>>> print(open('work-v1.txt').read())   # compact mmCIF, C-alpha atoms
# COMPACT_ATOMS: atom_id res chain seq x y z
CA MET A 1 14.49 -18.85 -2.54
CA SER A 2 13.89 -15.25 -1.53
CA PHE A 3 16.04 -12.54 0.03
CA ILE A 4 15.69 -9.44 2.18
CA LEU A 5 17.70 -6.31 1.43
CA THR A 6 17.83 -3.49 3.98
CA LEU A 7 19.71 -0.27 3.41
CA SER A 8 20.18 3.30 4.51
CA CYS A 9 21.94 6.12 2.72
CA PRO A 10 21.82 9.88 2.13
CA ASP A 11 18.45 10.70 0.58
CA ARG A 12 18.60 11.74 -3.06
CA PRO A 13 16.81 10.95 -6.34
CA GLY A 14 17.50 7.65 -8.08
CA ILE A 15 17.88 5.27 -5.13
CA VAL A 16 14.71 3.24 -5.75
CA SER A 17 15.45 3.20 -9.47
CA ALA A 18 18.94 1.83 -8.83
CA VAL A 19 17.64 -0.95 -6.57
CA THR A 20 14.79 -1.98 -8.85
CA GLY A 21 17.12 -1.85 -11.85
CA PHE A 22 19.42 -4.25 -10.03
CA LEU A 23 16.50 -6.65 -9.52
CA VAL A 24 15.49 -6.44 -13.19
CA GLN A 25 19.06 -7.13 -14.24
CA HIS A 26 19.03 -10.38 -12.24
CA ASN A 27 15.49 -11.42 -13.16
CA LEU A 28 14.26 -10.94 -9.61
CA ASN A 29 10.82 -9.84 -8.52
CA ILE A 30 9.68 -7.67 -5.59
CA ILE A 31 7.55 -9.53 -3.03
CA ASP A 32 7.09 -6.54 -0.74
CA SER A 33 8.88 -3.26 -0.19
CA SER A 34 8.92 -0.43 2.36
CA GLN A 35 10.85 2.81 2.28
CA PHE A 36 11.13 6.04 4.24
CA GLY A 37 12.90 9.31 3.66
CA ASP A 38 13.61 11.15 6.91
CA PRO A 39 13.23 14.90 6.40
CA THR A 40 15.27 15.60 9.55
CA SER A 41 18.31 13.37 9.07
CA HIS A 42 18.00 13.51 5.26
CA ARG A 43 18.57 9.78 5.08
CA PHE A 44 16.68 7.18 3.08
CA PHE A 45 15.75 3.76 4.46
CA MET A 46 14.50 0.71 2.60
CA ARG A 47 13.51 -2.89 3.29
CA MET A 48 12.87 -5.00 0.21
CA HIS A 49 11.83 -8.64 0.11
CA PHE A 50 12.42 -10.17 -3.31
CA GLY A 51 12.81 -13.50 -5.05
CA ALA A 52 13.05 -15.22 -8.40
CA ASP A 53 10.63 -14.15 -11.11
CA THR A 54 7.94 -16.86 -11.15
CA THR A 55 5.95 -15.46 -14.09
CA GLY A 56 7.72 -17.77 -16.51
CA SER A 57 8.81 -14.87 -18.71
CA SER A 58 12.45 -14.73 -17.67
CA THR A 59 15.31 -17.07 -18.36
CA GLY A 60 18.11 -15.47 -16.35
CA GLU A 61 20.36 -16.67 -13.62
CA ALA A 62 17.60 -16.49 -10.96
CA GLU A 63 15.70 -19.22 -12.81
CA SER A 64 18.77 -21.35 -13.36
CA GLY A 65 19.38 -21.58 -9.62
CA GLU A 66 22.93 -20.25 -9.95
CA LEU A 67 22.21 -17.06 -8.02
CA ASN A 68 23.06 -17.10 -4.33
CA VAL A 69 23.41 -14.53 -1.59
CA GLU A 70 27.16 -14.09 -2.07
CA VAL A 71 26.66 -13.42 -5.78
CA LEU A 72 23.91 -10.92 -5.02
CA ARG A 73 25.98 -9.08 -2.43
CA ALA A 74 28.94 -8.79 -4.78
CA ALA A 75 26.70 -7.58 -7.60
CA PHE A 76 25.01 -5.01 -5.38
CA GLU A 77 28.24 -3.59 -3.96
CA PRO A 78 28.88 -1.06 -6.79
CA ILE A 79 25.35 0.33 -6.34
CA ALA A 80 25.89 0.61 -2.59
CA THR A 81 29.20 2.39 -3.13
CA ALA A 82 27.71 4.82 -5.64
CA HIS A 83 24.96 5.83 -3.22
CA SER A 84 27.04 5.66 0.01
CA MET A 85 24.77 2.90 1.31
CA SER A 86 25.03 0.78 4.41
CA PHE A 87 23.24 -2.43 3.50
CA GLN A 88 22.50 -5.97 4.59
CA LEU A 89 21.40 -8.72 2.23
CA LEU A 90 20.39 -12.11 3.62
CA PRO A 91 18.18 -15.03 2.64
CA ALA A 92 14.64 -14.41 3.91
CA ALA A 93 14.83 -17.76 5.73
CA HIS A 94 17.89 -16.71 7.74
CA LYS A 95 17.36 -17.06 11.49
CA PRO A 96 19.62 -14.84 13.61
CA ARG A 97 21.50 -16.55 16.42
CA VAL A 98 20.36 -15.00 19.68
CA LEU A 99 21.97 -15.02 23.10
CA ILE A 100 19.38 -14.44 25.84
CA MET A 101 20.57 -13.02 29.15
CA VAL A 102 18.50 -13.03 32.34
CA SER A 103 18.85 -12.46 36.08
CA LYS A 104 16.18 -13.52 38.61
CA ILE A 105 12.93 -12.36 36.94
CA GLY A 106 11.90 -14.90 34.32
CA HIS A 107 8.65 -13.96 32.62
CA CYS A 108 10.33 -12.45 29.54
CA LEU A 109 12.72 -15.38 29.21
CA ASN A 110 9.89 -17.89 29.50
CA ASP A 111 7.82 -16.01 26.92
CA LEU A 112 10.68 -15.83 24.41
CA LEU A 113 11.50 -19.52 24.80
CA PHE A 114 7.87 -20.52 24.32
CA ARG A 115 7.47 -18.35 21.23
CA HIS A 116 10.74 -19.74 19.85
CA SER A 117 9.68 -23.34 20.50
CA THR A 118 6.34 -22.84 18.74
CA GLY A 119 7.82 -21.12 15.70
CA GLN A 120 6.47 -17.66 16.51
CA LEU A 121 10.00 -16.23 16.56
CA ALA A 122 12.29 -17.08 13.64
CA ILE A 123 15.47 -17.18 15.71
CA GLU A 124 18.02 -19.70 16.94
CA VAL A 125 18.90 -19.71 20.64
CA PRO A 126 22.25 -21.50 21.12
CA LEU A 127 22.55 -20.59 24.81
CA ILE A 128 21.23 -18.62 27.77
CA VAL A 129 23.53 -16.67 30.10
CA SER A 130 22.61 -15.60 33.61
CA ASN A 131 24.34 -14.08 36.60
CA HIS A 132 22.14 -16.33 38.79
CA PRO A 133 21.45 -20.09 38.56
CA ASP A 134 17.66 -19.81 38.99
CA PHE A 135 16.57 -20.62 35.42
CA ALA A 136 18.87 -23.53 34.62
CA THR A 137 15.90 -25.92 34.92
CA LEU A 138 13.76 -23.81 32.59
CA ALA A 139 16.56 -23.77 30.01
CA ALA A 140 16.90 -27.55 30.29
CA THR A 141 13.18 -27.90 29.62
CA TYR A 142 13.75 -26.29 26.23
CA LYS A 143 17.04 -28.19 25.75
CA ILE A 144 19.07 -24.99 25.55
CA PRO A 145 22.51 -24.79 27.22
CA PHE A 146 22.54 -22.57 30.31
CA VAL A 147 25.72 -20.75 31.35
CA HIS A 148 25.91 -19.35 34.87
CA LEU A 149 28.29 -16.40 35.01
CA PRO A 150 28.08 -14.72 38.43
CA VAL A 151 29.25 -11.14 38.55
CA SER A 152 30.40 -8.63 41.14
CA ALA A 153 32.03 -5.23 40.94
CA ASP A 154 35.41 -6.95 41.16
CA THR A 155 34.71 -9.58 38.48
CA LYS A 156 32.63 -7.57 35.99
CA GLN A 157 35.42 -7.18 33.45
CA GLN A 158 36.26 -10.90 33.48
CA GLN A 159 32.58 -11.87 33.29
CA GLU A 160 31.96 -9.63 30.30
CA SER A 161 35.12 -10.90 28.61
CA ARG A 162 33.66 -14.40 28.89
CA ILE A 163 30.35 -13.16 27.44
CA LEU A 164 32.21 -11.74 24.45
CA GLU A 165 34.02 -15.06 24.02
CA LEU A 166 30.67 -16.89 24.02
CA ILE A 167 29.29 -14.42 21.48
CA LYS A 168 32.19 -15.19 19.16
CA GLU A 169 32.15 -18.95 19.78
CA HIS A 170 28.43 -19.26 19.00
CA GLY A 171 28.25 -16.75 16.14
CA ILE A 172 25.78 -14.60 18.05
CA GLU A 173 24.05 -11.91 15.99
CA LEU A 174 21.80 -10.47 18.69
CA VAL A 175 21.92 -10.28 22.48
CA VAL A 176 18.56 -9.99 24.25
CA LEU A 177 18.48 -8.73 27.82
CA ALA A 178 15.35 -10.45 29.16
CA ARG A 179 15.35 -8.59 32.48
CA TYR A 180 19.11 -8.97 32.89
CA MET A 181 19.60 -6.60 35.80
CA GLN A 182 23.20 -5.59 35.24
CA VAL A 183 24.47 -2.44 33.55
CA LEU A 184 26.67 -3.41 30.61
CA SER A 185 30.05 -1.76 30.28
CA PRO A 186 30.83 0.60 27.38
CA THR A 187 33.22 -2.06 26.06
CA LEU A 188 30.46 -4.63 25.63
CA CYS A 189 27.99 -2.03 24.35
CA ASP A 190 30.45 -0.88 21.69
CA ALA A 191 31.41 -4.43 20.69
CA MET A 192 27.74 -5.28 19.99
CA SER A 193 26.51 -1.83 18.98
CA GLY A 194 23.06 -2.09 17.41
CA LYS A 195 22.90 -5.77 18.36
CA ILE A 196 21.73 -5.69 21.99
CA ILE A 197 18.04 -5.29 22.81
CA ASN A 198 16.87 -4.54 26.33
CA ILE A 199 13.39 -4.51 27.84
CA HIS A 200 12.92 -1.64 30.25
CA HIS A 201 10.07 -2.05 32.67
CA SER A 202 8.62 1.40 32.16
CA PHE A 203 7.46 3.64 29.36
CA LEU A 204 10.72 5.47 28.68
CA PRO A 205 11.83 8.16 29.09
CA SER A 206 9.75 8.31 32.31
CA PHE A 207 10.64 6.53 35.57
CA LYS A 208 14.15 5.43 34.69
CA GLY A 209 16.39 3.37 36.95
CA ALA A 210 15.36 1.16 39.85
CA LYS A 211 11.80 0.34 40.90
CA PRO A 212 9.92 2.20 38.15
CA TYR A 213 6.59 0.66 39.20
CA HIS A 214 7.05 2.04 42.69
CA GLN A 215 7.83 5.43 41.17
CA ALA A 216 4.70 5.12 39.06
CA TYR A 217 2.65 4.18 42.13
CA ASP A 218 3.94 7.21 44.03
CA ARG A 219 2.87 9.44 41.12
CA GLY A 220 -0.56 7.81 40.75
CA VAL A 221 -0.16 6.99 37.08
CA LYS A 222 -3.07 5.71 34.98
CA LEU A 223 -0.90 3.90 32.46
CA VAL A 224 2.10 1.61 32.90
CA GLY A 225 4.15 0.32 30.04
CA ALA A 226 7.37 -1.11 28.73
CA THR A 227 10.04 -0.09 26.24
CA ALA A 228 12.28 -2.29 24.11
CA HIS A 229 15.36 -0.44 22.93
CA PHE A 230 18.87 -0.94 21.67
CA VAL A 231 21.47 -0.77 24.42
CA THR A 232 24.07 1.96 24.45
CA SER A 233 26.55 3.06 27.09
CA ASP A 234 24.01 5.73 28.15
CA LEU A 235 21.72 3.89 30.56
CA ASP A 236 18.16 3.49 29.20
CA GLU A 237 18.83 6.06 26.47
CA GLY A 238 19.25 3.76 23.44
CA PRO A 239 17.14 3.95 20.26
CA ILE A 240 13.58 2.79 20.97
CA ILE A 241 12.22 -0.15 18.93
CA GLU A 242 8.82 -0.85 20.47
CA GLN A 243 6.60 0.41 23.30
CA ASN A 244 3.17 -0.37 24.74
CA VAL A 245 1.04 0.47 27.77
CA VAL A 246 -1.77 -0.96 29.88
CA ARG A 247 -4.38 1.10 31.73
CA VAL A 248 -4.39 0.88 35.54
CA ASN A 249 -6.16 2.68 38.36
CA HIS A 250 -5.69 3.97 41.89
CA GLY A 251 -6.72 0.67 43.48
CA LEU A 252 -3.67 -1.32 42.36
CA SER A 253 -0.72 -1.87 44.68
CA PRO A 254 2.90 -1.74 43.47
CA LYS A 255 2.85 -5.55 43.27
CA GLU A 256 -0.32 -5.52 41.16
CA LEU A 257 1.16 -2.82 38.93
CA THR A 258 4.20 -5.06 38.48
CA HIS A 259 1.99 -7.96 37.44
CA ALA A 260 0.07 -5.75 35.02
CA GLY A 261 3.31 -4.51 33.52
CA SER A 262 4.93 -7.93 33.17
CA ASN A 263 2.59 -8.97 30.36
CA VAL A 264 3.33 -5.75 28.51
CA GLU A 265 7.07 -6.32 28.95
CA SER A 266 6.88 -9.81 27.47
CA ASN A 267 4.84 -8.70 24.47
CA VAL A 268 6.96 -5.64 23.75
CA LEU A 269 10.24 -7.55 23.96
CA ALA A 270 8.93 -10.35 21.75
CA ALA A 271 7.77 -7.81 19.16
CA ALA A 272 11.18 -6.12 19.13
CA VAL A 273 12.99 -9.44 18.68
CA LYS A 274 10.58 -10.40 15.90
CA TYR A 275 11.16 -7.10 14.09
CA PHE A 276 14.92 -7.58 14.36
CA ALA A 277 14.74 -11.17 13.13
CA GLU A 278 12.69 -10.08 10.11
CA ARG A 279 15.14 -7.23 9.37
CA ARG A 280 12.49 -4.58 9.98
CA VAL A 281 14.55 -2.34 12.30
CA LEU A 282 17.06 0.18 10.94
CA LEU A 283 19.05 2.59 13.08
CA ASN A 284 18.54 6.28 12.40
CA GLY A 285 20.90 8.10 14.74
CA HIS A 286 19.31 8.10 18.19
CA LYS A 287 16.08 6.71 16.74
CA THR A 288 14.96 3.72 14.71
CA VAL A 289 12.95 3.16 11.57
CA VAL A 290 10.71 0.13 12.07
CA PHE A 291 8.93 -1.26 9.00
CA ASN A 292 6.18 -3.14 10.79
>>> encode(input="work-v1.txt", output="structure tokens")
Amino acid sequence: MSFILTLSCPDRPGIVSAVTGFLVQHNLNIIDSSQFGDPTSHRFFMRMHFGADTTGSSTGEAESGELNVEVLRAAFEPIATAHSMSFQLLPAAHKPRVLIMVSKIGHCLNDLLFRHSTGQLAIEVPLIVSNHPDFATLAATYKIPFVHLPVSADTKQQQESRILELIKEHGIELVVLARYMQVLSPTLCDAMSGKIINIHHSFLPSFKGAKPYHQAYDRGVKLVGATAHFVTSDLDEGPIIEQNVVRVNHGLSPKELTHAGSNVESNVLAAAVKYFAERRVLLNGHKTVVFN
């Protein structure tokens, strides 16, 4: 069995030594490790994948099979406290439970479900929520429960309260907005802070808001793209996780630009979800550190 530790803390000497000393103490071996010290925020970030020492030279608790994730967390807590760390420690095989939300544009939803079904995304999808009924059949194809929660200005608070109930009922660890075309309230954003990923159909921070491809067409752009970011109460201003672009030219209509961009959207969103599932994304203020 192997584990993944992610952490962030004020940058200072001795952090790596403390973590590796912890592994030595428990007869654990590094499988791979990434770290970054941000010279601007003066914070240190680390992702470490480790497991039992398989060299045959150790005889500690890792070999005996007595070590589990709860034991490791408890043992690591004094180190985290000493270095003012925020940390997460999970089995490497852990699959986060993901709620996917969608409206009436389904290419990102379809892409995520296909990747999930073929094992390309190490996630569990207990349910799909939509404010429209259009993709109930698609969800049934993948044998995933589909919950239709229509919303209007008058019912938004009740609808989001139900979403929060579903998040709690299903132990949701991540919400993915797969072209869910509703602005989330600050209440929901705060409740799932750092745990909602949105795909924005433009290369942020340009062309925000409605119809970005039409805006791009009016400006004669040569590149269109997509941005996956964490959702905050500031519309389309959350920390960016992944971006990509595709080259276009003057001969494409807004519809053709939309088609060109849809593939980029699907790929960018899938990459962001994959990075999250593999614990490769750490928040760094208004930015992210992505160990990819």
>>> residues_around(input="work-v1.txt", residues="Ala153 (chain A)", least_positions_apart="4", cutoff="12 Å", atoms="all atoms listed in the file", output="list in words")
Gln157, Gln158, Gln159, Glu160, Gln182, Val183, Leu184 and Ser185 of chain A
>>> closest_residue(input="work-v1.txt", among="A:Arg162, A:His83, A:Lys274, A:Lys104", to="Asp134 (chain A)", atoms="all atoms listed in the file")
A:Lys104
>>> closest_residue(input="work-v1.txt", among="A:Met181, A:Leu283, A:Leu174, A:Ile79", to="Gly21 (chain A)", atoms="only C-alpha atoms")
A:Ile79
>>> residues_around(input="work-v1.txt", residues="Ile196 (chain A)", least_positions_apart="6", cutoff="7 Å", atoms="all atoms listed in the file", output="JSON, numbers by chain")
{"A": [174, 175, 176, 230, 231]}
>>> residues_around(input="work-v1.txt", residues="Met85 (chain A)", least_positions_apart="5", cutoff="7 Å", atoms="all atoms listed in the file", output="ChimeraX atom specification")
/A:7-9,80
>>> atom_distance(input="work-v1.txt", atom1="CA of Thr258 (chain A)", atom2="CA of Tyr213 (chain A)")
6.2 Å
>>> residues_around(input="work-v1.txt", residues="region 105-120 of chain A", least_positions_apart="3", cutoff="9 Å", atoms="all atoms listed in the file", output="ChimeraX atom specification")
/A:100-102,123-125,134-135,138-139,142,177-181,199,262-263,265-267,269-270,273-274
